[in-house]
Amino acid sequence: MRTRSVVVVLYDGVQSLDVTGPLEVFAGAGAAAGQPGAYRVTLAAAGGGPVRSCSGLRVLPDADLAAVGPVHTLLVPGGEGTDAPDPALVARIRELADRAERVASVCTGAFLLAEAGLLAGRRATTHWAYCDALARRFPDVEVDPDPIHVRDGHVATSAGVTAGIDLALALVEEDLGRDAALLIARHLVVFLRRPGNQAQFSTQLAAQVAARHPLREVQRWIAEHPEEDLSVEALARRSALSPRHFARAFAAEVGVTPGRYVDGVRLEAARRRLEDTGDGIEEIARACGYGTPEAMRRAFVRTLAAPPAEYRRRFHPSPPGGN
C-alpha cells in the first residue's frame, strides 16, 4: 500500500480552519478506505517552533519546514500571515513544490503560491474577497473569482475555509476513489462533494438585498416560488412598477438583472432537491420552474458542466431510489 506524504505549511497568522479542515479529511480518509496508512500528514513550520493562528490559537508543528523530506502533497493554508510573508518561507515553499507531486492552497494561501511563482500562467482562485487583490498583485495569474476550487495541472487552489475541505475531498477521491471520499465526507457530516466550479456563494448571498421594500419582497417571492411565472412582467406586477422601471430598479439595487437572479435561484433550488430528495428529474424540473427536463439539463450543463442525472449521481449522499 502506498503512503502519501501530506505536508501542511504553518506560519504565524495562519487561519486555523484552513489547516484543520483538510487535516481531518486526510487523517480520516485512509481508515475510511480500509487503508489506515494511506496518508502521513505533517504540520511543518520554519524552525519547527509553535506558531499562533490569526485567531490566537497556538499550534505546535510536527517538524521544521527545512527538514521536511519527500512530499506527495504540499498544502499551503491562508491567513493574515500571507499579507507580508517571510521571503525565506516563500523560498522554502518553492523548493518543496518543485519536488512535490501536487501543490494545493486554501483561501489566501494562493498568495504564497503566487509569491513563489507557482501560479504564473495558471488559472487559480482564492476567497472571493481577495480575488481582485490577487489579480492586481500577480497579473500573470488568471484569477477566477467564482469556483470553490480550481485545478490547473498539478497545482490546485481553493476559496475560503470550507472550500479547503471540498478540495481535500476531491484529492482523496483522486487517490483512493469515490467511495473513500464519500465515507469520510459522511463522517464529517458534509456532502461529497461540492463541484469545484460551484459558485463560492449562493445567488442570495452574491446579490445585494434591495433597498426598497417592494423589491425585497420580490426577492423573497422568487426564492419561495421558483415554479411560478417569474418573467419581468409578472414580477413587475408584484412590485407595482412598470416592467421597464422594475427591470432598471432591480438591476440597480440587487446588482444583477431579474433574469440572471431568477436563473440562479432556480438552479440552486434544483441542486438542493437533487442532493436532498429522491424526486424524479421531471418532477424537479417542474417544481423549480424549468418546465421540462431538457431546459433544466441545459442550465446545469451551462453552469455546472454536468447534467442533472450526473450531478445527482455524484453529490447525492445516498443512492436515489429509482432515478
# chains A, B, ... in the order shown; residues from 1 in each chain; ligands from 1
>>> select_by_dssp(residues="stretch 86-303 of chain A", states="strand (DSSP E or B)", output="list in words")
Arg102, Val103, Ala104, Ser105, Val106, Arg123, Ala124, Glu142, Val143, Pro147, His149, Val150, Arg151, Asp152, Val155, Ala156, Thr157, Ser158 and Ala199 of chain A
>>> select_by_dssp(residues="stretch 27-180 of chain A", states="alpha helix (DSSP H)", output="VMD selection string")
chain A and resid 27 to 32 87 to 99 109 to 115 131 to 137 162 to 176 178 to 180
>>> closest_residue(among="A:Val76, A:Met296, A:Val14, A:Leu96", to="A:Gly109", atoms="only C-alpha atoms")
A:Val76
>>> residues_around(residues="A:Ala38", least_positions_apart="2", cutoff="8 Å", atoms="only C-alpha atoms", output="CSV table (one decimal) with all heavy atoms, in the first residue's frame")
chain,number,residue,atom,x,y,z
A,1,MET,N,0.8,-1.2,0.0
A,1,MET,CA,0.0,0.0,0.0
A,1,MET,C,0.9,1.2,0.0
A,1,MET,O,1.9,1.3,0.7
A,1,MET,CB,-0.9,0.0,1.2
A,1,MET,CG,-1.8,1.2,1.3
A,1,MET,SD,-2.7,1.3,2.9
A,1,MET,CE,-1.3,1.6,4.0
A,2,ARG,N,0.5,2.2,-0.8
A,2,ARG,CA,1.3,3.4,-0.9
A,2,ARG,C,0.9,4.4,0.2
A,2,ARG,O,-0.3,4.6,0.4
A,2,ARG,CB,1.1,4.1,-2.3
A,2,ARG,CG,1.8,5.4,-2.5
A,2,ARG,CD,1.5,6.0,-3.8
A,2,ARG,NE,2.3,7.2,-4.1
A,2,ARG,CZ,2.1,8.0,-5.1
A,2,ARG,NH1,1.1,7.8,-5.9
A,2,ARG,NH2,2.9,9.0,-5.3
A,3,THR,N,1.9,5.0,0.8
A,3,THR,CA,1.7,6.1,1.8
A,3,THR,C,2.0,7.4,1.2
A,3,THR,O,3.2,7.6,0.7
A,3,THR,CB,2.5,5.8,3.1
A,3,THR,OG1,2.1,4.6,3.7
A,3,THR,CG2,2.3,7.0,4.0
A,4,ARG,N,1.1,8.3,1.2
A,4,ARG,CA,1.3,9.6,0.6
A,4,ARG,C,1.6,10.6,1.7
A,4,ARG,O,0.8,10.8,2.6
A,4,ARG,CB,0.0,10.1,-0.2
A,4,ARG,CG,-0.3,9.2,-1.4
A,4,ARG,CD,-1.7,9.5,-2.0
A,4,ARG,NE,-1.9,8.6,-3.1
A,4,ARG,CZ,-2.4,7.4,-3.1
A,4,ARG,NH1,-2.6,6.8,-1.9
A,4,ARG,NH2,-2.6,6.7,-4.2
A,29,ALA,N,-9.3,9.7,5.9
A,29,ALA,CA,-9.6,9.1,4.7
A,29,ALA,C,-9.1,7.7,4.6
A,29,ALA,O,-9.7,6.8,4.0
A,29,ALA,CB,-9.1,10.0,3.5
A,30,GLY,N,-7.9,7.5,5.0
A,30,GLY,CA,-7.2,6.2,4.9
A,30,GLY,C,-8.0,5.1,5.7
A,30,GLY,O,-8.3,4.0,5.1
A,35,GLN,N,-7.5,1.7,4.5
A,35,GLN,CA,-6.1,1.8,4.2
A,35,GLN,C,-5.6,2.9,5.3
A,35,GLN,O,-5.3,4.0,4.9
A,35,GLN,CB,-5.8,2.3,2.8
A,35,GLN,CG,-6.3,1.4,1.7
A,35,GLN,CD,-6.0,2.0,0.3
A,35,GLN,OE1,-4.9,2.5,0.1
A,35,GLN,NE2,-7.0,1.9,-0.5
A,36,PRO,N,-5.4,2.5,6.5
A,36,PRO,CA,-5.1,3.4,7.6
A,36,PRO,C,-3.7,4.1,7.4
A,36,PRO,O,-3.5,5.2,7.9
A,36,PRO,CB,-5.1,2.6,8.8
A,36,PRO,CG,-5.0,1.2,8.4
A,36,PRO,CD,-5.7,1.1,7.1
A,40,ARG,N,0.3,10.2,5.4
A,40,ARG,CA,1.0,10.6,6.6
A,40,ARG,C,1.1,12.2,6.5
A,40,ARG,O,1.7,12.8,5.7
A,40,ARG,CB,2.5,10.1,6.5
A,40,ARG,CG,3.3,10.4,7.7
A,40,ARG,CD,4.7,9.8,7.7
A,40,ARG,NE,5.5,10.4,6.6
A,40,ARG,CZ,5.8,9.8,5.4
A,40,ARG,NH1,5.4,8.6,5.2
A,40,ARG,NH2,6.5,10.5,4.5
>>> residues_around(residues="A:Leu119", least_positions_apart="4", cutoff="7 Å", atoms="only C-alpha atoms", output="short mmCIF file (atom, residue, chain, number, x, y, z; two decimals) with C-alpha atoms, in the first residue's frame")
data_model
loop_
_atom_site.label_atom_id
_atom_site.label_comp_id
_atom_site.auth_asym_id
_atom_site.auth_seq_id
_atom_site.Cartn_x
_atom_site.Cartn_y
_atom_site.Cartn_z
CA LEU A 113 1.96 30.16 -4.11
CA ALA A 114 1.89 33.22 -6.37
CA VAL A 141 -2.15 34.67 -12.84
#
>>> residues_around(residues="A:Gly121", least_positions_apart="3", cutoff="9 Å", atoms="only C-alpha atoms", output="MDAnalysis selection string")
chainID A and resid 118 140:142
>>> write_last_selection(atoms="C-alpha atoms", output="PDB file, in the first residue's frame")
ATOM      1  CA  LEU A 118       3.891  28.667  -8.772  1.00  0.00           C
ATOM      2  CA  ASP A 140       0.447  36.735 -14.744  1.00  0.00           C
ATOM      3  CA  VAL A 141      -2.154  34.669 -12.836  1.00  0.00           C
ATOM      4  CA  GLU A 142      -5.572  34.026 -14.402  1.00  0.00           C
TER       5      GLU A 142
END
>>> atom_distance(atom1="atom CA of A:Ala66", atom2="atom CA of A:Glu101")
18.3 Å
>>> closest_residue(among="A:Leu176, A:Ala116, A:Val256, A:Val8", to="A:Leu23", atoms="only C-alpha atoms")
A:Val8
>>> decode(residues="stretch 145-160 of chain A", atoms="C-alpha atoms", output="PDB file, in the first residue's frame")
ATOM      1  CA  PRO A 145     -13.373  34.518  -8.591  1.00  0.00           C
ATOM      2  CA  ASP A 146     -16.316  32.135  -8.966  1.00  0.00           C
ATOM      3  CA  PRO A 147     -15.335  28.463  -8.336  1.00  0.00           C
ATOM      4  CA  ILE A 148     -14.773  26.979  -4.908  1.00  0.00           C
ATOM      5  CA  HIS A 149     -11.629  25.283  -6.184  1.00  0.00           C
ATOM      6  CA  VAL A 150      -9.579  25.194  -9.376  1.00  0.00           C
ATOM      7  CA  ARG A 151      -7.100  22.606 -10.640  1.00  0.00           C
ATOM      8  CA  ASP A 152      -4.507  23.630 -13.233  1.00  0.00           C
ATOM      9  CA  GLY A 153      -2.003  20.867 -13.857  1.00  0.00           C
ATOM     10  CA  HIS A 154      -0.545  19.680 -10.558  1.00  0.00           C
ATOM     11  CA  VAL A 155      -1.493  22.917  -8.755  1.00  0.00           C
ATOM     12  CA  ALA A 156      -4.881  23.359  -7.060  1.00  0.00           C
ATOM     13  CA  THR A 157      -6.244  26.454  -5.340  1.00  0.00           C
ATOM     14  CA  SER A 158      -9.421  26.865  -3.321  1.00  0.00           C
ATOM     15  CA  ALA A 159     -11.648  29.523  -1.840  1.00  0.00           C
ATOM     16  CA  GLY A 160     -12.202  30.266   1.836  1.00  0.00           C
TER      17      GLY A 160
END
